[in-house]
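Enquirer: This structure is in structure tokens; I'll ask about it shortly.
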Amino acid sequence: MTADLAARADALLAAHRPGDPLILVNAWDAWSARVVAESPGCQAVATASHSIAAAHGYPDGEQIPVAEMIEAIRLIASVVGLPVTAALEAGYGDAGATVAAAIEAGAVGGNLEDRLKPAEEHALAIAAARAAGDAAGIHFVINARTDEYLLGGKNLDRAIAAGRSYLEAGADCIFVPGAGTSHDVTELVSAFDGRLSLIGSPRSLSLTELARLGVARVSVGPGSLGLAAAALRDGAAQLLSRGDFPDTLAYRPPGA
């Protein structure tokens with residue numbers, strides 16, 4: 001099992017190529033993970049903590065108990081044959097223990113967000129996560145998130161300083177959700193030697209442009225849950241208005 005996880009971790013790390021970014025469509029349960037994993041070109045499956053929490057009836061922000069979050073990760077990892085990288089919120093107060101539990105559940109990488117804590121404090125959490133991966137015998141791929149653009153003042157210099165401290169502490173990539181201008185993305189790519197992760201949406205730069213600028217990783221976070229919700233909402237509206245049956249309603253589970 002350790003050898004398999006180690007191989008998946010190495011594959012996940014290798015998929016982070018500046019200029020040819022790893023595209024991650026986030027999943028929230030076993031079913032969505034299968035759909036994503038079976039899509040052509042999928043190299044890895046990422047979880048979305050917001051979506052997992054929502055699917056379990058909790059608000060975002062570590063309101064879902066860590067045991068339930070880990071169990072959701074376990075279910076996702078159990079149904080796909082690809083590397084799984086998990087959104088681990090801010091580490092639930094003990095990043096090392098949370099990462100160890102995620103690895104035991106089958107994850108080989110994870111996001112850890114700083115929520116604007118002092119960079120030196122979050123760097124300690126990153127170091128603890130790295131130590132947990134080392135203890136498990138794998139290179140756990142750490143995507144360290146700075147919330148300077150999402151929750152702070154969108155200060156480029158502060159985001160760069162935080163990201164560099166996280167890289168020094170053992171992170172593999174720096175996640176800066178909310179950074180969206182070509183100028184800022186270019187500066188972040190340069191500061192982190194290409195090890196930049198962003199979230200994509202209709203309001204962000206295009207995937208083509210993000211690749212041109214040298215980004216290494218792009219995920220969609222809760223956006224994929226929004227895709228599913230929009231399809232369900234549209235289908236429900238069509239049915240409840242006594243319209244025709246939607247074509248996609250013909251779906252049947254394999255073997256049914």
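Ligands are numbered from 1 in the order shown, chains are lettered A, B, ... in the order of the structure tokens, and residues start at 1 in each chain.
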If you count only C-alpha atoms, which residues fall within 10 Å of Ala55 of chain A, apart from same-chain ones fewer than 6 positions away, as a ChimeraX atom specification?
Expert: /A:28-29,49,225
Enquirer: Would you put the residues from that selection into a file with N, CA and C atoms, as a PDB file, in the first residue's frame?
Expert:
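Saved as part-v1.pdb:
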```pdb
ATOM      1  N   TRP A  28     -16.615  15.762  -4.738  1.00  0.00           N
ATOM      2  CA  TRP A  28     -17.108  15.888  -3.354  1.00  0.00           C
ATOM      3  C   TRP A  28     -17.646  14.573  -2.797  1.00  0.00           C
ATOM      4  N   ASP A  29     -17.758  13.542  -3.622  1.00  0.00           N
ATOM      5  CA  ASP A  29     -18.198  12.228  -3.145  1.00  0.00           C
ATOM      6  C   ASP A  29     -17.711  11.178  -4.132  1.00  0.00           C
ATOM      7  N   SER A  49     -13.242  21.031  -0.168  1.00  0.00           N
ATOM      8  CA  SER A  49     -13.747  20.988   1.205  1.00  0.00           C
ATOM      9  C   SER A  49     -15.114  21.657   1.322  1.00  0.00           C
ATOM     10  N   LEU A 225     -19.243  21.578  -8.219  1.00  0.00           N
ATOM     11  CA  LEU A 225     -20.532  21.341  -7.566  1.00  0.00           C
ATOM     12  C   LEU A 225     -21.588  22.253  -8.181  1.00  0.00           C
TER      13      LEU A 225
END
```
Enquirer: Write out as a ChimeraX atom specification the residues lying within 7 Å of Leu88 of chain A, counting only C-alpha atoms and excluding same-chain residues fewer than 6 positions away.
Expert: /A:49,110-112
Enquirer: Selected residues, N, CA and C atoms, written as a PDB file, in the first residue's frame, please.
Expert:
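Output below, filename selection-v6.pdb:
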```
ATOM      1  N   SER A  49     -13.242  21.031  -0.168  1.00  0.00           N
ATOM      2  CA  SER A  49     -13.747  20.988   1.205  1.00  0.00           C
ATOM      3  C   SER A  49     -15.114  21.657   1.322  1.00  0.00           C
ATOM      4  N   GLY A 110      -2.389  17.529  -0.662  1.00  0.00           N
ATOM      5  CA  GLY A 110      -3.452  18.279  -0.008  1.00  0.00           C
ATOM      6  C   GLY A 110      -3.206  19.772   0.020  1.00  0.00           C
ATOM      7  N   ASN A 111      -4.300  20.507   0.111  1.00  0.00           N
ATOM      8  CA  ASN A 111      -4.260  21.957   0.307  1.00  0.00           C
ATOM      9  C   ASN A 111      -4.289  22.261   1.797  1.00  0.00           C
ATOM     10  N   LEU A 112      -3.531  23.258   2.188  1.00  0.00           N
ATOM     11  CA  LEU A 112      -3.580  23.783   3.555  1.00  0.00           C
ATOM     12  C   LEU A 112      -3.629  25.300   3.455  1.00  0.00           C
TER      13      LEU A 112
END
```
Enquirer: Looking at only C-alpha atoms, which of A:Gly91, A:Gly194, A:Gly221, A:Pro59 is the one that sits closest to Pro21 of chain A?
Expert: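 Once distances to Pro21 of chain A are computed over only C-alpha atoms, the minimum belongs to A:Gly194.
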Enquirer: Tell me which protein, DNA and RNA residues are within 8 Å of Ala37 of chain A, counting only C-alpha atoms, leaving out same-chain ones fewer than 4 positions away, and put them as a PyMOL selection string.
Expert: chain A and resi 33+42-45+80-82
Enquirer: Now that the selection is made, can you save its residues with N, CA and C atoms as a PDB file, in the first residue's frame?
Expert:
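Dumped to again_35.pdb:
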```pdb
ATOM      1  N   ALA A  33     -16.359  11.743  -8.019  1.00  0.00           N
ATOM      2  CA  ALA A  33     -14.965  11.368  -8.248  1.00  0.00           C
ATOM      3  C   ALA A  33     -14.844  10.406  -9.421  1.00  0.00           C
ATOM      4  N   CYS A  42      -7.888  13.147 -17.530  1.00  0.00           N
ATOM      5  CA  CYS A  42      -7.791  13.347 -16.080  1.00  0.00           C
ATOM      6  C   CYS A  42      -6.528  12.672 -15.539  1.00  0.00           C
ATOM      7  N   GLN A  43      -5.710  13.446 -14.829  1.00  0.00           N
ATOM      8  CA  GLN A  43      -4.477  12.917 -14.246  1.00  0.00           C
ATOM      9  C   GLN A  43      -4.568  12.700 -12.741  1.00  0.00           C
ATOM     10  N   ALA A  44      -5.497  13.391 -12.108  1.00  0.00           N
ATOM     11  CA  ALA A  44      -5.641  13.299 -10.653  1.00  0.00           C
ATOM     12  C   ALA A  44      -7.026  13.800 -10.280  1.00  0.00           C
ATOM     13  N   VAL A  45      -7.449  13.437  -9.076  1.00  0.00           N
ATOM     14  CA  VAL A  45      -8.746  13.888  -8.562  1.00  0.00           C
ATOM     15  C   VAL A  45      -8.497  14.730  -7.319  1.00  0.00           C
ATOM     16  N   VAL A  80     -11.241   5.515  -7.179  1.00  0.00           N
ATOM     17  CA  VAL A  80     -10.481   5.981  -8.338  1.00  0.00           C
ATOM     18  C   VAL A  80      -9.082   5.382  -8.309  1.00  0.00           C
ATOM     19  N   GLY A  81      -8.521   5.170  -9.466  1.00  0.00           N
ATOM     20  CA  GLY A  81      -7.173   4.628  -9.557  1.00  0.00           C
ATOM     21  C   GLY A  81      -6.137   5.696  -9.847  1.00  0.00           C
ATOM     22  N   LEU A  82      -6.454   6.929  -9.483  1.00  0.00           N
ATOM     23  CA  LEU A  82      -5.587   8.070  -9.750  1.00  0.00           C
ATOM     24  C   LEU A  82      -5.142   8.717  -8.441  1.00  0.00           C
TER      25      LEU A  82
END
```
Enquirer: Skip Ala211 of chain A itself and residues of its chain fewer than 4 positions away, then list as number ranges by chain all residues within 10 Å of it, counting only C-alpha atoms.
Expert: A: 17-22, 205-207, 215-218
Enquirer: Save the residues we just selected, C-alpha atoms, as a PDB file, in the first residue's frame?
Expert:
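Output file selection-v3.pdb is given in full below:
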```
ATOM      1  CA  ARG A  17       4.388  21.465 -14.926  1.00  0.00           C
ATOM      2  CA  PRO A  18       4.695  25.244 -15.225  1.00  0.00           C
ATOM      3  CA  GLY A  19       3.255  26.246 -18.579  1.00  0.00           C
ATOM      4  CA  ASP A  20       1.399  22.943 -18.923  1.00  0.00           C
ATOM      5  CA  PRO A  21      -0.757  23.099 -15.804  1.00  0.00           C
ATOM      6  CA  LEU A  22      -2.390  20.200 -14.041  1.00  0.00           C
ATOM      7  CA  LEU A 205      -7.945  34.406 -17.067  1.00  0.00           C
ATOM      8  CA  SER A 206      -8.517  31.607 -19.571  1.00  0.00           C
ATOM      9  CA  LEU A 207      -6.762  28.267 -19.250  1.00  0.00           C
ATOM     10  CA  VAL A 215       1.033  28.459 -14.052  1.00  0.00           C
ATOM     11  CA  ALA A 216       1.554  24.878 -12.801  1.00  0.00           C
ATOM     12  CA  ARG A 217      -1.879  23.958 -11.434  1.00  0.00           C
ATOM     13  CA  VAL A 218      -5.486  25.084 -11.926  1.00  0.00           C
TER      14      VAL A 218
END
```
Enquirer: Could you please write out, as an MDAnalysis selection string, every residue of segment 32-139 of chain A that DSSP assigns to alpha helix (DSSP H)?
Expert: chainID A and resid 32:37 49:55 66:79 95:105 119:136
Enquirer: Quote the spacing between atom CA of Ala53 of chain A and atom CA of Val25 of chain A in Å to one decimal place.
Expert: 16.9 Å
Enquirer: Quote the spacing between atom CA of Pro177 of chain A and atom CA of Ser197 of chain A in Å to one decimal place.
Expert: 7.9 Å
Enquirer: Choose the residue, out of A:Ile52, A:Ala86, A:Leu213, A:Leu151, that has the smallest atom-to-atom separation from Arg115 of chain A; count only C-alpha atoms.
Expert: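 The answer is A:Leu151, which sits nearest to Arg115 of chain A.
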Enquirer: Can you list every residue in segment 67-244 of chain A that DSSP puts in strand (DSSP E), as a VMD selection string?
Expert: chain A and resid 84 to 87 109 to 113 141 to 145 173 to 175 196 to 199 217 to 219
Enquirer: Restricting the calculation to only C-alpha atoms, which member of A:Val189, A:Val176, A:Ile138, A:Ala231 is positioned closest to Asp4 of chain A?
Expert: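 The closest residue to Asp4 of chain A is A:Ile138.
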Enquirer: What's the 12 Å shell around Tyr58 of chain A, counting only C-alpha atoms, without same-chain residues fewer than 6 positions away, as an NGL selection string?
Expert: :A and (49-52 or 64-66 or 68-69)
Enquirer: Please provide as a PyMOL selection string all residues within 10 Å of segment 246-255 of chain A, with the sequence filter that same-chain residues fewer than 5 positions apart are discarded (counting only C-alpha atoms).
Expert: chain A and resi 231+234-236+238-239
Enquirer: Would you mind exporting C-alpha atoms of the selected residues as an mmCIF file, in the first residue's frame?
Expert:
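File written: out-v9.cif
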```cif
data_model
loop_
_atom_site.group_PDB
_atom_site.id
_atom_site.type_symbol
_atom_site.label_atom_id
_atom_site.label_comp_id
_atom_site.auth_asym_id
_atom_site.auth_seq_id
_atom_site.Cartn_x
_atom_site.Cartn_y
_atom_site.Cartn_z
ATOM 1 C CA ALA A 231 -27.806 20.824 -14.443
ATOM 2 C CA ASP A 234 -32.474 23.152 -14.994
ATOM 3 C CA GLY A 235 -33.735 19.588 -15.277
ATOM 4 C CA ALA A 236 -35.973 19.949 -12.238
ATOM 5 C CA GLN A 238 -38.179 21.516 -16.914
ATOM 6 C CA LEU A 239 -39.869 18.553 -15.262
#
```
